[in-house]
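protein.txt (compact mmCIF, N, CA and C atoms) appears below.
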# COMPACT_ATOMS: atom_id res chain seq x y z
N MET F 92 0.83 -1.17 0.00
CA MET F 92 0.00 0.00 0.00
C MET F 92 0.88 1.24 0.00
N SER F 93 0.44 2.23 -0.72
CA SER F 93 1.22 3.45 -0.76
C SER F 93 0.92 4.30 0.47
N SER F 94 1.77 5.25 0.74
CA SER F 94 1.58 6.10 1.91
C SER F 94 0.33 6.98 1.77
N THR F 95 -0.04 7.33 0.57
CA THR F 95 -1.25 8.12 0.35
C THR F 95 -2.49 7.31 0.70
N ALA F 96 -2.50 6.05 0.33
CA ALA F 96 -3.63 5.18 0.62
C ALA F 96 -3.76 4.97 2.13
N VAL F 97 -2.66 4.81 2.82
CA VAL F 97 -2.68 4.64 4.27
C VAL F 97 -3.20 5.92 4.94
N LEU F 98 -2.75 7.06 4.44
CA LEU F 98 -3.19 8.34 4.99
C LEU F 98 -4.69 8.52 4.79
N LEU F 99 -5.19 8.22 3.60
CA LEU F 99 -6.62 8.35 3.33
C LEU F 99 -7.43 7.36 4.15
N ALA F 100 -6.92 6.16 4.32
CA ALA F 100 -7.63 5.15 5.11
C ALA F 100 -7.73 5.60 6.57
N GLY F 101 -6.74 6.29 7.07
CA GLY F 101 -6.77 6.78 8.45
C GLY F 101 -7.60 8.05 8.59
N LEU F 102 -7.64 8.83 7.55
CA LEU F 102 -8.35 10.10 7.58
C LEU F 102 -9.84 9.96 7.31
N LEU F 103 -10.23 8.96 6.55
CA LEU F 103 -11.62 8.78 6.17
C LEU F 103 -12.55 8.62 7.36
N PRO F 104 -12.25 7.81 8.36
CA PRO F 104 -13.16 7.70 9.51
C PRO F 104 -13.33 9.03 10.25
N ALA F 105 -12.29 9.82 10.35
CA ALA F 105 -12.38 11.11 11.02
C ALA F 105 -13.28 12.06 10.23
N VAL F 106 -13.15 12.07 8.91
CA VAL F 106 -13.98 12.93 8.08
C VAL F 106 -15.44 12.52 8.19
N VAL F 107 -15.72 11.23 8.16
CA VAL F 107 -17.10 10.75 8.28
C VAL F 107 -17.66 11.12 9.65
N PHE F 108 -16.88 10.99 10.68
CA PHE F 108 -17.33 11.32 12.04
C PHE F 108 -17.69 12.80 12.14
N VAL F 109 -16.88 13.66 11.55
CA VAL F 109 -17.12 15.10 11.62
C VAL F 109 -18.30 15.50 10.74
N MET F 110 -18.43 14.92 9.58
CA MET F 110 -19.47 15.31 8.63
C MET F 110 -20.82 14.66 8.91
N TRP F 111 -20.87 13.61 9.69
CA TRP F 111 -22.10 12.86 9.94
C TRP F 111 -23.27 13.75 10.37
N PRO F 112 -23.12 14.66 11.35
CA PRO F 112 -24.26 15.48 11.77
C PRO F 112 -24.78 16.42 10.68
N LEU F 113 -23.94 16.77 9.72
CA LEU F 113 -24.38 17.66 8.65
C LEU F 113 -25.36 16.98 7.70
N PHE F 114 -25.18 15.69 7.50
CA PHE F 114 -26.03 14.98 6.56
C PHE F 114 -27.14 14.18 7.24
N PHE F 115 -26.91 13.74 8.45
CA PHE F 115 -27.89 12.93 9.17
C PHE F 115 -28.19 13.57 10.52
N SER F 116 -29.07 14.55 10.49
CA SER F 116 -29.35 15.29 11.73
C SER F 116 -30.35 14.56 12.62
N GLY F 117 -30.92 13.48 12.16
CA GLY F 117 -31.87 12.74 12.98
C GLY F 117 -33.26 13.33 12.87
N ASP F 118 -34.08 13.06 13.84
CA ASP F 118 -35.47 13.49 13.85
C ASP F 118 -35.54 14.97 14.22
N SER F 119 -36.01 15.80 13.30
CA SER F 119 -36.07 17.23 13.58
C SER F 119 -37.16 17.56 14.59
N ASP F 120 -38.14 16.67 14.76
CA ASP F 120 -39.19 16.92 15.75
C ASP F 120 -38.69 16.67 17.17
N ALA F 121 -37.56 16.04 17.31
CA ALA F 121 -37.03 15.73 18.63
C ALA F 121 -36.33 16.92 19.28
N ILE F 122 -36.13 17.98 18.52
CA ILE F 122 -35.46 19.15 19.07
C ILE F 122 -36.42 19.83 20.03
N GLU F 123 -35.98 20.00 21.25
CA GLU F 123 -36.83 20.61 22.26
C GLU F 123 -36.70 22.11 22.20
N ALA F 124 -37.78 22.77 22.55
CA ALA F 124 -37.74 24.22 22.63
C ALA F 124 -36.86 24.63 23.80
N LEU F 125 -36.25 25.78 23.67
CA LEU F 125 -35.44 26.28 24.76
C LEU F 125 -36.32 26.52 25.97
N PRO F 126 -35.85 26.18 27.16
CA PRO F 126 -36.69 26.38 28.34
C PRO F 126 -36.89 27.87 28.60
N GLU F 127 -38.07 28.18 29.11
CA GLU F 127 -38.38 29.56 29.46
C GLU F 127 -37.52 29.97 30.65
N ASP F 128 -37.22 31.25 30.70
CA ASP F 128 -36.41 31.74 31.82
C ASP F 128 -37.12 31.46 33.14
N ASP F 129 -36.43 30.82 34.05
CA ASP F 129 -36.99 30.60 35.37
C ASP F 129 -36.45 31.67 36.31
N ASP F 130 -36.96 31.67 37.53
CA ASP F 130 -36.55 32.70 38.49
C ASP F 130 -35.04 32.70 38.73
N GLU F 131 -34.46 31.51 38.79
CA GLU F 131 -33.03 31.42 39.07
C GLU F 131 -32.19 32.02 37.94
N SER F 132 -32.55 31.73 36.69
CA SER F 132 -31.77 32.27 35.58
C SER F 132 -31.98 33.78 35.45
N LEU F 133 -33.20 34.25 35.73
CA LEU F 133 -33.43 35.69 35.72
C LEU F 133 -32.63 36.38 36.82
N GLN F 134 -32.56 35.75 37.98
CA GLN F 134 -31.78 36.30 39.09
C GLN F 134 -30.30 36.37 38.72
N ARG F 135 -29.80 35.33 38.05
CA ARG F 135 -28.40 35.33 37.61
C ARG F 135 -28.13 36.42 36.59
N LYS F 136 -29.09 36.64 35.66
CA LYS F 136 -28.93 37.70 34.67
C LYS F 136 -28.87 39.06 35.36
N LYS F 137 -29.72 39.25 36.34
CA LYS F 137 -29.75 40.53 37.06
C LYS F 137 -28.43 40.74 37.80
N VAL F 138 -27.97 39.74 38.51
CA VAL F 138 -26.73 39.85 39.28
C VAL F 138 -25.54 40.08 38.34
N ALA F 139 -25.53 39.39 37.21
CA ALA F 139 -24.43 39.57 36.25
C ALA F 139 -24.42 40.99 35.68
N ALA F 140 -25.60 41.53 35.38
CA ALA F 140 -25.67 42.89 34.85
C ALA F 140 -25.22 43.91 35.89
N LEU F 141 -25.64 43.72 37.14
CA LEU F 141 -25.22 44.65 38.20
C LEU F 141 -23.71 44.55 38.45
N ALA F 142 -23.16 43.35 38.36
CA ALA F 142 -21.71 43.18 38.52
C ALA F 142 -20.96 43.84 37.37
N ALA F 143 -21.52 43.76 36.17
CA ALA F 143 -20.88 44.40 35.02
C ALA F 143 -20.88 45.92 35.17
N ILE F 144 -21.94 46.46 35.75
CA ILE F 144 -22.00 47.90 35.98
C ILE F 144 -20.91 48.31 36.98
N LYS F 145 -20.75 47.54 38.05
CA LYS F 145 -19.70 47.83 39.03
C LYS F 145 -18.32 47.75 38.39
N GLU F 146 -18.12 46.76 37.53
CA GLU F 146 -16.84 46.61 36.84
C GLU F 146 -16.58 47.80 35.93
N ALA F 147 -17.62 48.25 35.23
CA ALA F 147 -17.47 49.41 34.34
C ALA F 147 -17.15 50.67 35.15
N GLU F 148 -17.78 50.82 36.32
CA GLU F 148 -17.48 51.96 37.18
C GLU F 148 -16.01 51.94 37.62
N PHE F 149 -15.52 50.77 37.97
CA PHE F 149 -14.12 50.64 38.37
C PHE F 149 -13.20 50.98 37.20
N ASP F 150 -13.53 50.45 36.02
CA ASP F 150 -12.69 50.72 34.85
C ASP F 150 -12.68 52.20 34.49
N GLN F 151 -13.81 52.88 34.68
CA GLN F 151 -13.84 54.31 34.40
C GLN F 151 -12.98 55.08 35.39
N ARG F 152 -13.09 54.71 36.68
CA ARG F 152 -12.29 55.41 37.70
C ARG F 152 -10.80 55.20 37.50
N THR F 153 -10.41 54.04 37.00
CA THR F 153 -8.98 53.77 36.80
C THR F 153 -8.48 54.25 35.45
N GLY F 154 -9.37 54.83 34.65
CA GLY F 154 -8.95 55.38 33.37
C GLY F 154 -8.92 54.39 32.24
N LYS F 155 -9.42 53.20 32.43
CA LYS F 155 -9.42 52.20 31.37
C LYS F 155 -10.61 52.37 30.42
N LEU F 156 -11.60 53.17 30.83
CA LEU F 156 -12.83 53.30 30.07
C LEU F 156 -13.17 54.78 29.95
N SER F 157 -13.44 55.23 28.73
CA SER F 157 -13.79 56.64 28.53
C SER F 157 -15.21 56.90 29.04
N ASP F 158 -15.54 58.18 29.22
CA ASP F 158 -16.87 58.54 29.71
C ASP F 158 -17.96 58.11 28.74
N ASP F 159 -17.71 58.24 27.44
CA ASP F 159 -18.70 57.83 26.44
C ASP F 159 -18.93 56.32 26.47
N ASP F 160 -17.84 55.57 26.53
CA ASP F 160 -17.96 54.11 26.60
C ASP F 160 -18.65 53.68 27.89
N PHE F 161 -18.31 54.36 28.98
CA PHE F 161 -18.94 54.05 30.26
C PHE F 161 -20.45 54.27 30.19
N ALA F 162 -20.87 55.38 29.60
CA ALA F 162 -22.30 55.67 29.49
C ALA F 162 -23.01 54.63 28.64
N ALA F 163 -22.39 54.22 27.55
CA ALA F 163 -23.01 53.21 26.67
C ALA F 163 -23.11 51.86 27.37
N LEU F 164 -22.02 51.46 28.04
CA LEU F 164 -22.04 50.17 28.73
C LEU F 164 -23.05 50.14 29.87
N THR F 165 -23.04 51.17 30.69
CA THR F 165 -23.95 51.16 31.84
C THR F 165 -25.41 51.23 31.38
N ALA F 166 -25.68 51.94 30.31
CA ALA F 166 -27.06 52.00 29.80
C ALA F 166 -27.51 50.60 29.37
N ARG F 167 -26.64 49.89 28.69
CA ARG F 167 -26.99 48.53 28.24
C ARG F 167 -27.18 47.58 29.42
N TYR F 168 -26.26 47.63 30.39
CA TYR F 168 -26.36 46.72 31.52
C TYR F 168 -27.52 47.08 32.45
N LYS F 169 -27.81 48.38 32.58
CA LYS F 169 -28.97 48.78 33.38
C LYS F 169 -30.26 48.27 32.74
N ALA F 170 -30.34 48.35 31.42
CA ALA F 170 -31.52 47.85 30.72
C ALA F 170 -31.68 46.34 30.93
N GLN F 171 -30.57 45.60 30.88
CA GLN F 171 -30.63 44.16 31.12
C GLN F 171 -31.07 43.85 32.54
N ALA F 172 -30.53 44.58 33.50
CA ALA F 172 -30.88 44.35 34.90
C ALA F 172 -32.35 44.68 35.14
N LEU F 173 -32.80 45.81 34.60
CA LEU F 173 -34.19 46.20 34.79
C LEU F 173 -35.15 45.23 34.11
N GLU F 174 -34.75 44.69 32.98
CA GLU F 174 -35.58 43.70 32.29
C GLU F 174 -35.73 42.44 33.14
N ALA F 175 -34.63 41.98 33.71
CA ALA F 175 -34.68 40.79 34.57
C ALA F 175 -35.49 41.07 35.83
N ILE F 176 -35.30 42.25 36.43
CA ILE F 176 -36.04 42.61 37.64
C ILE F 176 -37.54 42.68 37.34
N ALA F 177 -37.89 43.28 36.20
CA ALA F 177 -39.30 43.39 35.84
C ALA F 177 -39.92 42.01 35.62
N ALA F 178 -39.18 41.11 34.96
CA ALA F 178 -39.69 39.76 34.74
C ALA F 178 -39.86 39.02 36.06
N LEU F 179 -38.89 39.17 36.96
CA LEU F 179 -39.01 38.54 38.27
C LEU F 179 -40.17 39.13 39.06
N ASP F 180 -40.33 40.43 38.98
CA ASP F 180 -41.40 41.09 39.71
C ASP F 180 -42.76 40.68 39.15
N GLN F 181 -42.85 40.55 37.83
CA GLN F 181 -44.11 40.14 37.21
C GLN F 181 -44.48 38.72 37.64
N ARG F 182 -43.51 37.84 37.73
CA ARG F 182 -43.78 36.48 38.18
C ARG F 182 -44.18 36.44 39.64
N SER F 183 -43.58 37.32 40.42
CA SER F 183 -43.86 37.28 41.85
C SER F 183 -45.19 37.94 42.21
N THR F 184 -45.74 38.77 41.33
CA THR F 184 -47.01 39.41 41.64
C THR F 184 -48.15 38.41 41.64
N SER F 185 -47.96 37.29 40.94
CA SER F 185 -49.01 36.27 40.93
C SER F 185 -49.04 35.50 42.24
N SER F 186 -47.94 35.52 42.99
CA SER F 186 -47.92 34.83 44.29
C SER F 186 -48.64 35.67 45.33
N SER F 187 -49.04 35.05 46.38
CA SER F 187 -49.79 35.78 47.41
C SER F 187 -48.81 36.51 48.31
N ALA F 188 -48.72 37.81 48.12
CA ALA F 188 -47.85 38.65 48.94
C ALA F 188 -48.71 39.69 49.63
N PRO F 189 -48.39 40.02 50.86
CA PRO F 189 -49.16 41.07 51.52
C PRO F 189 -49.05 42.37 50.75
N SER F 190 -50.15 43.11 50.67
CA SER F 190 -50.10 44.36 49.92
C SER F 190 -49.16 45.33 50.63
N GLY F 191 -48.49 46.14 49.84
CA GLY F 191 -47.58 47.11 50.40
C GLY F 191 -46.15 46.61 50.51
N THR F 192 -45.88 45.32 50.23
CA THR F 192 -44.50 44.84 50.29
C THR F 192 -43.90 44.89 48.90
N ILE F 193 -42.62 45.06 48.86
CA ILE F 193 -41.89 45.11 47.61
C ILE F 193 -41.15 43.79 47.47
N LYS F 194 -41.26 43.17 46.31
CA LYS F 194 -40.59 41.88 46.08
C LYS F 194 -39.10 42.05 45.82
N PHE F 195 -38.72 43.17 45.21
CA PHE F 195 -37.32 43.43 44.91
C PHE F 195 -37.00 44.86 45.32
N CYS F 196 -35.85 45.04 45.87
CA CYS F 196 -35.45 46.37 46.34
C CYS F 196 -35.28 47.31 45.14
N PRO F 197 -35.94 48.47 45.15
CA PRO F 197 -35.78 49.39 44.03
C PRO F 197 -34.40 50.05 43.99
N ASN F 198 -33.66 49.97 45.09
CA ASN F 198 -32.34 50.58 45.15
C ASN F 198 -31.27 49.67 44.56
N CYS F 199 -31.24 48.39 45.00
CA CYS F 199 -30.16 47.51 44.55
C CYS F 199 -30.65 46.29 43.78
N GLY F 200 -31.97 46.02 43.79
CA GLY F 200 -32.50 44.89 43.03
C GLY F 200 -32.44 43.56 43.73
N THR F 201 -32.02 43.52 45.00
CA THR F 201 -31.96 42.27 45.75
C THR F 201 -33.36 41.80 46.05
N LYS F 202 -33.57 40.49 45.95
CA LYS F 202 -34.88 39.93 46.24
C LYS F 202 -35.17 40.08 47.73
N ALA F 203 -36.36 40.63 48.02
CA ALA F 203 -36.75 40.85 49.41
C ALA F 203 -37.18 39.53 50.05
N LEU F 204 -36.81 39.35 51.28
CA LEU F 204 -37.21 38.16 52.02
C LEU F 204 -38.67 38.29 52.43
N PRO F 205 -39.45 37.21 52.39
CA PRO F 205 -40.86 37.30 52.77
C PRO F 205 -40.99 37.77 54.22
N GLY F 206 -41.78 38.77 54.43
CA GLY F 206 -42.00 39.29 55.78
C GLY F 206 -40.88 40.17 56.29
N GLY F 207 -39.83 40.36 55.51
CA GLY F 207 -38.72 41.20 55.94
C GLY F 207 -39.07 42.66 55.85
N LYS F 208 -38.56 43.44 56.76
CA LYS F 208 -38.85 44.87 56.77
C LYS F 208 -37.76 45.67 56.08
N PHE F 209 -36.57 45.07 55.91
CA PHE F 209 -35.45 45.77 55.31
C PHE F 209 -34.79 44.88 54.26
N CYS F 210 -34.17 45.52 53.26
CA CYS F 210 -33.46 44.82 52.21
C CYS F 210 -32.20 44.18 52.78
N SER F 211 -31.98 42.92 52.41
CA SER F 211 -30.77 42.24 52.89
C SER F 211 -29.53 42.69 52.13
N GLY F 212 -29.71 43.37 50.98
CA GLY F 212 -28.58 43.84 50.20
C GLY F 212 -28.08 45.21 50.59
N CYS F 213 -29.02 46.17 50.77
CA CYS F 213 -28.59 47.54 51.04
C CYS F 213 -29.14 48.11 52.36
N GLY F 214 -30.09 47.43 52.98
CA GLY F 214 -30.60 47.85 54.26
C GLY F 214 -31.77 48.82 54.22
N ARG F 215 -32.23 49.17 53.03
CA ARG F 215 -33.36 50.09 52.95
C ARG F 215 -34.65 49.37 53.30
N PRO F 216 -35.67 50.11 53.75
CA PRO F 216 -36.97 49.49 54.08
C PRO F 216 -37.61 48.84 52.86
N THR F 217 -38.27 47.69 53.05
CA THR F 217 -38.91 46.99 51.94
C THR F 217 -40.39 47.28 51.85
N ARG F 218 -40.93 48.06 52.74
CA ARG F 218 -42.35 48.43 52.68
C ARG F 218 -42.53 49.61 51.75
N ALA F 219 -43.61 49.55 50.97
CA ALA F 219 -43.89 50.63 50.01
C ALA F 219 -44.47 51.83 50.72
Using the file provided, produce a representation of the structure as structure tokens.
Amino acid sequence: MSSTAVLLAGLLPAVVFVMWPLFFSGDSDAIEALPEDDDESLQRKKVAALAAIKEAEFDQRTGKLSDDDFAALTARYKAQALEAIAALDQRSTSSSAPSGTIKFCPNCGTKALPGGKFCSGCGRPTRA
């Protein structure tokens, strides 16, 4: 056998393995829809956006980020955080909560503890 034939014989299984999903994707009805955002993933999105805002503030103070870039970044991250907070708040309004309580702190976005009078994140009152 020539060296080219040996090379092709060794390479052919690898090519078939890599190309297989392109030609034989299986049952297309078996693809599941992406799961809807649950409270935990929304909470993670909110926390990540707030952490990114803090990071941008630090970068601006240290001179790594211009004022224009800082404004653009914080606007985007604030929108993401507010979107997650609104979705969490909308889900929590369906639960039975005493009237006058806030589910999320309007100052820092931390989830309020049931029956708590103050935010566990920033210490502000949780009563409306």
Mind checking which residues fall within 10 Å of Tyr168 (chain F), counting only C-alpha atoms, ignoring those fewer than 6 positions away in the same chain, and posting them as a ChimeraX atom specification?
/F:136-137,139-144,147,174
Do you have the CA of Arg152 (chain F)-CA of Thr165 (chain F) distance handy?
13.7 Å
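In terms of minimum interatomic distance to Thr201 (chain F), F:Ala172 ranks closest within F:Val109, F:Leu156, F:Ala166, F:Ala172, counting only C-alpha atoms.
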In Å and to one decimal, CA of Asp129 (chain F) is distant from atom N of Gln171 (chain F) by 16.9 Å
Please provide as a list in words all residues within 7 Å of region 210-215 of chain F, with the sequence filter that same-chain residues fewer than 6 positions apart are discarded (counting only N, CA and C atoms).
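The neighbour list is Cys196, Cys199, Thr201, Lys202, Ala203 and Leu204 of chain F.
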So, counting only C-alpha atoms, which residue among F:Phe195, F:Met110, F:Asp150, F:Ser157 is closest to Gln181 (chain F)?
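Of the candidates, the smallest distance to Gln181 (chain F) is held by F:Phe195.
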Report the residues of region 128-214 of chain F whose backbone DSSP state falls under alpha helix (DSSP H), written as an MDAnalysis selection string.
chainID F and resid 130:152 158:184
Next, dump the selected residues to file, keeping only N, CA and C atoms, as a compact mmCIF listing (two decimals), in the frame of the given file.
# COMPACT_ATOMS: atom_id res chain seq x y z
N ASP F 130 -36.96 31.67 37.53
CA ASP F 130 -36.55 32.70 38.49
C ASP F 130 -35.04 32.70 38.73
N GLU F 131 -34.46 31.51 38.79
CA GLU F 131 -33.03 31.42 39.07
C GLU F 131 -32.19 32.02 37.94
N SER F 132 -32.55 31.73 36.69
CA SER F 132 -31.77 32.27 35.58
C SER F 132 -31.98 33.78 35.45
N LEU F 133 -33.20 34.25 35.73
CA LEU F 133 -33.43 35.69 35.72
C LEU F 133 -32.63 36.38 36.82
N GLN F 134 -32.56 35.75 37.98
CA GLN F 134 -31.78 36.30 39.09
C GLN F 134 -30.30 36.37 38.72
N ARG F 135 -29.80 35.33 38.05
CA ARG F 135 -28.40 35.33 37.61
C ARG F 135 -28.13 36.42 36.59
N LYS F 136 -29.09 36.64 35.66
CA LYS F 136 -28.93 37.70 34.67
C LYS F 136 -28.87 39.06 35.36
N LYS F 137 -29.72 39.25 36.34
CA LYS F 137 -29.75 40.53 37.06
C LYS F 137 -28.43 40.74 37.80
N VAL F 138 -27.97 39.74 38.51
CA VAL F 138 -26.73 39.85 39.28
C VAL F 138 -25.54 40.08 38.34
N ALA F 139 -25.53 39.39 37.21
CA ALA F 139 -24.43 39.57 36.25
C ALA F 139 -24.42 40.99 35.68
N ALA F 140 -25.60 41.53 35.38
CA ALA F 140 -25.67 42.89 34.85
C ALA F 140 -25.22 43.91 35.89
N LEU F 141 -25.64 43.72 37.14
CA LEU F 141 -25.22 44.65 38.20
C LEU F 141 -23.71 44.55 38.45
N ALA F 142 -23.16 43.35 38.36
CA ALA F 142 -21.71 43.18 38.52
C ALA F 142 -20.96 43.84 37.37
N ALA F 143 -21.52 43.76 36.17
CA ALA F 143 -20.88 44.40 35.02
C ALA F 143 -20.88 45.92 35.17
N ILE F 144 -21.94 46.46 35.75
CA ILE F 144 -22.00 47.90 35.98
C ILE F 144 -20.91 48.31 36.98
N LYS F 145 -20.75 47.54 38.05
CA LYS F 145 -19.70 47.83 39.03
C LYS F 145 -18.32 47.75 38.39
N GLU F 146 -18.12 46.76 37.53
CA GLU F 146 -16.84 46.61 36.84
C GLU F 146 -16.58 47.80 35.93
N ALA F 147 -17.62 48.25 35.23
CA ALA F 147 -17.47 49.41 34.34
C ALA F 147 -17.15 50.67 35.15
N GLU F 148 -17.78 50.82 36.32
CA GLU F 148 -17.48 51.96 37.18
C GLU F 148 -16.01 51.94 37.62
N PHE F 149 -15.52 50.77 37.97
CA PHE F 149 -14.12 50.64 38.37
C PHE F 149 -13.20 50.98 37.20
N ASP F 150 -13.53 50.45 36.02
CA ASP F 150 -12.69 50.72 34.85
C ASP F 150 -12.68 52.20 34.49
N GLN F 151 -13.81 52.88 34.68
CA GLN F 151 -13.84 54.31 34.40
C GLN F 151 -12.98 55.08 35.39
N ARG F 152 -13.09 54.71 36.68
CA ARG F 152 -12.29 55.41 37.70
C ARG F 152 -10.80 55.20 37.50
N ASP F 158 -15.54 58.18 29.22
CA ASP F 158 -16.87 58.54 29.71
C ASP F 158 -17.96 58.11 28.74
N ASP F 159 -17.71 58.24 27.44
CA ASP F 159 -18.70 57.83 26.44
C ASP F 159 -18.93 56.32 26.47
N ASP F 160 -17.84 55.57 26.53
CA ASP F 160 -17.96 54.11 26.60
C ASP F 160 -18.65 53.68 27.89
N PHE F 161 -18.31 54.36 28.98
CA PHE F 161 -18.94 54.05 30.26
C PHE F 161 -20.45 54.27 30.19
N ALA F 162 -20.87 55.38 29.60
CA ALA F 162 -22.30 55.67 29.49
C ALA F 162 -23.01 54.63 28.64
N ALA F 163 -22.39 54.22 27.55
CA ALA F 163 -23.01 53.21 26.67
C ALA F 163 -23.11 51.86 27.37
N LEU F 164 -22.02 51.46 28.04
CA LEU F 164 -22.04 50.17 28.73
C LEU F 164 -23.05 50.14 29.87
N THR F 165 -23.04 51.17 30.69
CA THR F 165 -23.95 51.16 31.84
C THR F 165 -25.41 51.23 31.38
N ALA F 166 -25.68 51.94 30.31
CA ALA F 166 -27.06 52.00 29.80
C ALA F 166 -27.51 50.60 29.37
N ARG F 167 -26.64 49.89 28.69
CA ARG F 167 -26.99 48.53 28.24
C ARG F 167 -27.18 47.58 29.42
N TYR F 168 -26.26 47.63 30.39
CA TYR F 168 -26.36 46.72 31.52
C TYR F 168 -27.52 47.08 32.45
N LYS F 169 -27.81 48.38 32.58
CA LYS F 169 -28.97 48.78 33.38
C LYS F 169 -30.26 48.27 32.74
N ALA F 170 -30.34 48.35 31.42
CA ALA F 170 -31.52 47.85 30.72
C ALA F 170 -31.68 46.34 30.93
N GLN F 171 -30.57 45.60 30.88
CA GLN F 171 -30.63 44.16 31.12
C GLN F 171 -31.07 43.85 32.54
N ALA F 172 -30.53 44.58 33.50
CA ALA F 172 -30.88 44.35 34.90
C ALA F 172 -32.35 44.68 35.14
N LEU F 173 -32.80 45.81 34.60
CA LEU F 173 -34.19 46.20 34.79
C LEU F 173 -35.15 45.23 34.11
N GLU F 174 -34.75 44.69 32.98
CA GLU F 174 -35.58 43.70 32.29
C GLU F 174 -35.73 42.44 33.14
N ALA F 175 -34.63 41.98 33.71
CA ALA F 175 -34.68 40.79 34.57
C ALA F 175 -35.49 41.07 35.83
N ILE F 176 -35.30 42.25 36.43
CA ILE F 176 -36.04 42.61 37.64
C ILE F 176 -37.54 42.68 37.34
N ALA F 177 -37.89 43.28 36.20
CA ALA F 177 -39.30 43.39 35.84
C ALA F 177 -39.92 42.01 35.62
N ALA F 178 -39.18 41.11 34.96
CA ALA F 178 -39.69 39.76 34.74
C ALA F 178 -39.86 39.02 36.06
N LEU F 179 -38.89 39.17 36.96
CA LEU F 179 -39.01 38.54 38.27
C LEU F 179 -40.17 39.13 39.06
N ASP F 180 -40.33 40.43 38.98
CA ASP F 180 -41.40 41.09 39.71
C ASP F 180 -42.76 40.68 39.15
N GLN F 181 -42.85 40.55 37.83
CA GLN F 181 -44.11 40.14 37.21
C GLN F 181 -44.48 38.72 37.64
N ARG F 182 -43.51 37.84 37.73
CA ARG F 182 -43.78 36.48 38.18
C ARG F 182 -44.18 36.44 39.64
N SER F 183 -43.58 37.32 40.42
CA SER F 183 -43.86 37.28 41.85
C SER F 183 -45.19 37.94 42.21
N THR F 184 -45.74 38.77 41.33
CA THR F 184 -47.01 39.41 41.64
C THR F 184 -48.15 38.41 41.64
